[in-house]
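Source file: data23.cif; contents: mmCIF, C-alpha atoms; chains and numbers go by the auth columns.
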```
data_input
#
loop_
_atom_site.group_PDB
_atom_site.id
_atom_site.type_symbol
_atom_site.label_atom_id
_atom_site.label_comp_id
_atom_site.label_asym_id
_atom_site.label_seq_id
_atom_site.Cartn_x
_atom_site.Cartn_y
_atom_site.Cartn_z
_atom_site.B_iso_or_equiv
_atom_site.auth_seq_id
_atom_site.auth_asym_id
ATOM 1 C CA MET A 1 4.451 6.209 21.575 0.00 155 L
ATOM 2 C CA SER A 2 6.039 7.003 18.214 0.00 156 L
ATOM 3 C CA ASN A 3 5.689 4.987 15.021 0.00 157 L
ATOM 4 C CA LEU A 4 8.354 4.433 12.399 0.00 158 L
ATOM 5 C CA PHE A 5 7.607 4.616 8.681 0.00 159 L
ATOM 6 C CA ALA A 6 10.072 3.921 5.873 0.00 160 L
ATOM 7 C CA ILE A 7 8.920 4.608 2.331 0.00 161 L
ATOM 8 C CA SER A 8 11.092 3.922 -0.715 0.00 162 L
ATOM 9 C CA TYR A 9 11.199 6.096 -3.833 0.00 163 L
ATOM 10 C CA PRO A 10 12.855 5.580 -7.221 0.00 164 L
ATOM 11 C CA ASP A 11 15.198 8.559 -6.816 0.00 165 L
ATOM 12 C CA LEU A 12 16.713 10.976 -4.307 0.00 166 L
ATOM 13 C CA PRO A 13 14.876 14.155 -5.456 0.00 167 L
ATOM 14 C CA THR A 14 11.467 12.533 -4.865 0.00 168 L
ATOM 15 C CA ALA A 15 12.469 11.372 -1.385 0.00 169 L
ATOM 16 C CA GLN A 16 13.741 14.864 -0.554 0.00 170 L
ATOM 17 C CA LYS A 17 10.432 16.378 -1.745 0.00 171 L
ATOM 18 C CA VAL A 18 8.560 14.009 0.573 0.00 172 L
ATOM 19 C CA ARG A 19 10.803 15.001 3.501 0.00 173 L
ATOM 20 C CA ASP A 20 10.148 18.673 2.696 0.00 174 L
ATOM 21 C CA GLU A 21 6.405 17.959 2.510 0.00 175 L
ATOM 22 C CA LEU A 22 6.505 16.288 5.947 0.00 176 L
ATOM 23 C CA VAL A 23 8.395 19.241 7.422 0.00 177 L
ATOM 24 C CA GLY A 24 5.796 21.575 5.889 0.00 178 L
ATOM 25 C CA LEU A 25 2.983 19.504 7.379 0.00 179 L
ATOM 26 C CA GLN A 26 4.727 19.715 10.742 0.00 180 L
ATOM 27 C CA LYS A 27 4.732 23.523 10.486 0.00 181 L
ATOM 28 C CA GLN A 28 0.977 23.290 9.899 0.00 182 L
ATOM 29 C CA LYS A 29 0.700 21.157 13.077 0.00 183 L
ATOM 30 C CA LEU A 30 -0.712 18.206 11.113 0.00 184 L
ATOM 31 C CA ILE A 31 2.139 15.883 12.083 0.00 185 L
ATOM 32 C CA GLU A 32 4.633 15.781 14.931 0.00 186 L
ATOM 33 C CA LEU A 33 7.968 14.296 13.861 0.00 187 L
ATOM 34 C CA GLU A 34 10.722 13.093 16.152 0.00 188 L
ATOM 35 C CA ASP A 35 13.023 12.489 13.209 0.00 189 L
ATOM 36 C CA VAL A 36 12.889 12.466 9.413 0.00 190 L
ATOM 37 C CA VAL A 37 15.853 11.201 7.378 0.00 191 L
ATOM 38 C CA VAL A 38 16.396 10.519 3.691 0.00 192 L
ATOM 39 C CA VAL A 39 18.506 7.412 3.050 0.00 193 L
ATOM 40 C CA GLU A 40 20.110 7.239 -0.383 0.00 194 L
ATOM 41 C CA ARG A 41 21.633 4.186 -2.001 0.00 195 L
ATOM 42 C CA ARG A 42 24.044 5.563 -4.537 0.00 196 L
ATOM 43 C CA GLU A 43 24.793 3.957 -7.879 0.00 197 L
ATOM 44 C CA ASP A 44 28.058 2.596 -6.440 0.00 198 L
ATOM 45 C CA GLY A 45 26.057 0.859 -3.677 0.00 199 L
ATOM 46 C CA LYS A 46 27.152 3.168 -0.851 0.00 200 L
ATOM 47 C CA ILE A 47 24.557 4.338 1.655 0.00 201 L
ATOM 48 C CA LYS A 48 24.281 8.055 2.466 0.00 202 L
ATOM 49 C CA LEU A 49 22.086 9.425 5.262 0.00 203 L
ATOM 50 C CA HIS A 50 20.681 12.920 4.737 0.00 204 L
ATOM 51 C CA GLN A 51 19.790 14.014 8.271 0.00 205 L
ATOM 52 C CA ALA A 52 17.307 16.862 8.679 0.00 206 L
ATOM 53 C CA VAL A 53 19.254 18.310 11.621 0.00 207 L
ATOM 54 C CA SER A 54 23.013 18.189 12.064 0.00 208 L
ATOM 55 C CA THR A 55 23.740 17.441 15.724 0.00 209 L
ATOM 56 C CA THR A 56 27.397 18.336 15.077 0.00 210 L
ATOM 57 C CA GLY A 57 26.499 21.872 13.964 0.00 211 L
ATOM 58 C CA VAL A 58 24.015 22.400 16.784 0.00 212 L
ATOM 59 C CA GLY A 59 26.557 21.101 19.316 0.00 213 L
ATOM 60 C CA ALA A 60 29.307 23.360 17.954 0.00 214 L
ATOM 61 C CA ALA A 61 27.086 26.447 18.043 0.00 215 L
ATOM 62 C CA SER A 62 25.822 25.859 21.568 0.00 216 L
ATOM 63 C CA GLY A 63 29.302 24.881 22.776 0.00 217 L
ATOM 64 C CA ALA A 64 30.814 28.055 21.313 0.00 218 L
ATOM 65 C CA LEU A 65 28.099 30.163 22.941 0.00 219 L
ATOM 66 C CA TRP A 66 28.555 28.618 26.379 0.00 220 L
ATOM 67 C CA GLY A 67 32.346 28.532 25.993 0.00 221 L
ATOM 68 C CA GLY A 68 32.309 32.250 25.164 0.00 222 L
ATOM 69 C CA VAL A 69 30.155 33.041 28.184 0.00 223 L
ATOM 70 C CA ILE A 70 32.402 31.035 30.495 0.00 224 L
ATOM 71 C CA GLY A 71 35.476 32.544 28.792 0.00 225 L
ATOM 72 C CA LEU A 72 34.151 36.021 29.660 0.00 226 L
ATOM 73 C CA LEU A 73 34.395 35.112 33.319 0.00 227 L
ATOM 74 C CA PHE A 74 38.119 34.450 32.878 0.00 228 L
ATOM 75 C CA PHE A 75 38.682 37.334 30.423 0.00 229 L
ATOM 76 C CA MET A 76 39.372 34.931 27.525 0.00 230 L
ATOM 77 C CA PRO A 77 36.088 34.766 25.566 0.00 231 L
ATOM 78 C CA PHE A 78 37.666 33.740 22.233 0.00 232 L
ATOM 79 C CA LEU A 79 39.604 30.868 23.765 0.00 233 L
ATOM 80 C CA GLY A 80 36.491 29.788 25.673 0.00 234 L
ATOM 81 C CA ALA A 81 34.378 29.939 22.506 0.00 235 L
ATOM 82 C CA ALA A 82 36.948 27.915 20.534 0.00 236 L
ATOM 83 C CA VAL A 83 37.257 25.219 23.206 0.00 237 L
ATOM 84 C CA GLY A 84 33.494 25.171 23.780 0.00 238 L
ATOM 85 C CA GLY A 85 32.777 24.943 20.048 0.00 239 L
ATOM 86 C CA ALA A 86 35.176 22.045 19.553 0.00 240 L
ATOM 87 C CA THR A 87 33.799 20.217 22.578 0.00 241 L
ATOM 88 C CA GLY A 88 30.192 20.852 21.511 0.00 242 L
ATOM 89 C CA ALA A 89 30.905 19.601 17.977 0.00 243 L
ATOM 90 C CA ALA A 90 32.474 16.406 19.323 0.00 244 L
ATOM 91 C CA ILE A 91 29.537 15.756 21.643 0.00 245 L
ATOM 92 C CA GLY A 92 27.037 16.589 18.884 0.00 246 L
ATOM 93 C CA ALA A 93 28.714 14.225 16.429 0.00 247 L
ATOM 94 C CA SER A 94 28.501 11.356 18.887 0.00 248 L
ATOM 95 C CA THR A 95 24.847 11.997 19.715 0.00 249 L
ATOM 96 C CA ASP A 96 22.270 10.026 17.745 0.00 250 L
ATOM 97 C CA THR A 97 18.663 10.998 18.238 0.00 251 L
ATOM 98 C CA GLY A 98 15.606 9.553 16.537 0.00 252 L
ATOM 99 C CA VAL A 99 15.927 6.598 14.186 0.00 253 L
ATOM 100 C CA ASP A 100 19.060 4.503 14.684 0.00 254 L
ATOM 101 C CA ASP A 101 21.620 5.206 11.937 0.00 255 L
ATOM 102 C CA ASN A 102 22.791 1.587 11.742 0.00 256 L
ATOM 103 C CA PHE A 103 19.212 0.380 11.283 0.00 257 L
ATOM 104 C CA MET A 104 18.662 2.887 8.456 0.00 258 L
ATOM 105 C CA ARG A 105 21.884 1.741 6.775 0.00 259 L
ATOM 106 C CA GLN A 106 20.782 -1.910 7.002 0.00 260 L
ATOM 107 C CA VAL A 107 17.419 -1.134 5.420 0.00 261 L
ATOM 108 C CA GLY A 108 19.166 1.104 2.871 0.00 262 L
ATOM 109 C CA GLU A 109 21.218 -1.910 1.724 0.00 263 L
ATOM 110 C CA GLN A 110 17.956 -3.440 0.468 0.00 264 L
ATOM 111 C CA LEU A 111 17.211 -0.455 -1.795 0.00 265 L
ATOM 112 C CA GLU A 112 17.974 -0.522 -5.514 0.00 266 L
ATOM 113 C CA PRO A 113 21.080 1.496 -6.494 0.00 267 L
ATOM 114 C CA GLY A 114 20.047 5.063 -7.347 0.00 268 L
ATOM 115 C CA SER A 115 16.927 4.947 -5.171 0.00 269 L
ATOM 116 C CA ALA A 116 16.176 6.491 -1.786 0.00 270 L
ATOM 117 C CA ALA A 117 13.854 6.127 1.191 0.00 271 L
ATOM 118 C CA VAL A 118 12.324 8.452 3.743 0.00 272 L
ATOM 119 C CA PHE A 119 12.417 7.329 7.363 0.00 273 L
ATOM 120 C CA ALA A 120 9.946 9.202 9.553 0.00 274 L
ATOM 121 C CA LEU A 121 9.571 8.729 13.293 0.00 275 L
ATOM 122 C CA VAL A 122 6.088 10.096 13.974 0.00 276 L
ATOM 123 C CA ARG A 123 4.739 10.980 17.413 0.00 277 L
ATOM 124 C CA ARG A 124 1.258 11.855 16.173 0.00 278 L
ATOM 125 C CA ALA A 125 -0.405 12.728 12.886 0.00 279 L
ATOM 126 C CA THR A 126 -3.726 13.763 11.408 0.00 280 L
ATOM 127 C CA ALA A 127 -3.856 10.755 9.098 0.00 281 L
ATOM 128 C CA ASP A 128 -6.674 11.960 6.834 0.00 282 L
ATOM 129 C CA LYS A 129 -4.549 14.978 5.837 0.00 283 L
ATOM 130 C CA VAL A 130 -1.003 13.578 6.034 0.00 284 L
ATOM 131 C CA VAL A 131 -1.521 10.293 4.156 0.00 285 L
ATOM 132 C CA PRO A 132 -2.956 11.906 0.976 0.00 286 L
ATOM 133 C CA ALA A 133 -0.174 14.532 0.954 0.00 287 L
ATOM 134 C CA VAL A 134 2.518 11.840 1.108 0.00 288 L
ATOM 135 C CA ALA A 135 0.661 9.366 -1.136 0.00 289 L
ATOM 136 C CA ALA A 136 0.695 11.944 -3.943 0.00 290 L
ATOM 137 C CA PHE A 137 4.420 11.191 -4.398 0.00 291 L
ATOM 138 C CA GLY A 138 3.871 7.452 -4.854 0.00 292 L
ATOM 139 C CA GLY A 139 6.462 5.332 -3.085 0.00 293 L
ATOM 140 C CA ARG A 140 6.366 1.928 -1.466 0.00 294 L
ATOM 141 C CA LEU A 141 5.997 1.316 2.260 0.00 295 L
ATOM 142 C CA ILE A 142 8.990 -0.864 3.193 0.00 296 L
ATOM 143 C CA GLN A 143 9.015 -0.732 6.998 0.00 297 L
ATOM 144 C CA THR A 144 6.657 0.284 9.808 0.00 298 L
ATOM 145 C CA SER A 145 6.296 -0.292 13.509 0.00 299 L
ATOM 146 C CA LEU A 146 2.522 -0.696 13.129 0.00 300 L
ATOM 147 C CA SER A 147 0.646 -3.946 13.654 0.00 301 L
ATOM 148 C CA HIS A 148 -0.160 -5.956 10.512 0.00 302 L
ATOM 149 C CA GLU A 149 -3.792 -4.805 10.627 0.00 303 L
ATOM 150 C CA GLU A 150 -2.842 -1.131 11.023 0.00 304 L
ATOM 151 C CA GLU A 151 -0.265 -1.429 8.253 0.00 305 L
ATOM 152 C CA GLU A 152 -2.791 -2.954 5.836 0.00 306 L
ATOM 153 C CA HIS A 153 -5.297 -0.217 6.700 0.00 307 L
ATOM 154 C CA LEU A 154 -2.628 2.438 6.041 0.00 308 L
ATOM 155 C CA LYS A 155 -1.799 0.866 2.661 0.00 309 L
ATOM 156 C CA GLU A 156 -5.499 0.928 1.708 0.00 310 L
ATOM 157 C CA ILE A 157 -5.809 4.601 2.672 0.00 311 L
ATOM 158 C CA ALA A 158 -2.637 5.482 0.767 0.00 312 L
ATOM 159 C CA LYS A 159 -3.742 3.569 -2.340 0.00 313 L
ATOM 160 C CA ALA A 160 -7.115 5.334 -2.338 0.00 314 L
ATOM 161 C CA ALA A 161 -5.416 8.700 -1.897 0.00 315 L
ATOM 162 C CA GLN A 162 -2.925 8.285 -4.783 0.00 316 L
ATOM 163 C CA PRO A 163 -3.721 10.216 -7.924 0.00 317 L
ATOM 164 C CA ALA A 164 -4.423 8.185 -11.055 0.00 318 L
ATOM 165 C CA GLY A 165 -1.279 7.013 -12.855 0.00 319 L
ATOM 166 C CA VAL A 166 1.046 6.998 -9.816 0.00 320 L
#
```
Let me see the structure of the file written as structure tokens.
Amino acid sequence: MSNLFAISYPDLPTAQKVRDELVGLQKQKLIELEDVVVVERREDGKIKLHQAVSTTGVGAASGALWGGVIGLLFFMPFLGAAVGGATGAAIGASTDTGVDDNFMRQVGEQLEPGSAAVFALVRRATADKVVPAVAAFGGRLIQTSLSHEEEEHLKEIAKAAQPAGV
């Protein structure tokens, strides 16, 4: 079962650094992420989601590939690729994987203007290595799917792992 973590930061660049750190930790096999998204509340109050993977782009690319292959069968590969790409992009845009976008927008409404949050849907993690790496950036845990006891334990670990002055 996966666990959801949402951590707020005072600005967008810090939240993006945390997302990059999590992706780096995933490459080291220290964490397995289902989804990681940066949610920004702009100064004008609007909410912007910075998805790690664009399902529209992935859908368009795979649709164009398959459309081209099918188009070859009918001697019209360019038409097949164009139709396949458009269809794939439409399907990709309507596909939402990981953390629900509407939920992230609702939580994002609670952020201060100009701040941001990282939403991470974690399948598994090596906590003694991941928590200190993320705690180094500061931040405030605003949402988890953990029990109250597990959440308090996580906060204690994170507080102990933070460098002095953060």
(request) Mind checking which residues fall within 9 Å of Met258 in chain L, counting only C-alpha atoms, ignoring those fewer than 2 positions away in the same chain, and posting them as a ChimeraX atom specification? (result) /L:191,193,203,253-256,260-263,273
As JSON, please: the centre and edge lengths in Å, to one decimal, of an axis-aligned box enclosing every listed atom of range 267-277 of chain L with 5 Å added on each side.
```
{"center_x": 12.9, "center_y": 6.2, "center_z": 5.0, "size_x": 26.3, "size_y": 19.5, "size_z": 34.8}
```
(request) Given the file shown, determine the residues that the PyMOL selection byres ((chain L and resi 172-178) around 12) selects; report them as a PyMOL selection string. (result) chain L and resi 160-163+165-171+179-193+204-207+270-276+279-280+283-293
(request) Can you work out the spacing between CA of Ala315 in chain L and CA of His302 in chain L in Å, to one decimal? (result) 19.9 Å
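Using only C-alpha atoms, the nearest neighbour of Gly252 in chain L within the list L:Arg195, L:Arg277, L:Lys202, L:Glu305 is L:Arg277.
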(message) Between CA of Ile311 in chain L and CA of Ser156 in chain L, what is the distance in Å, rounded to a tenth?
(response) 19.7 Å
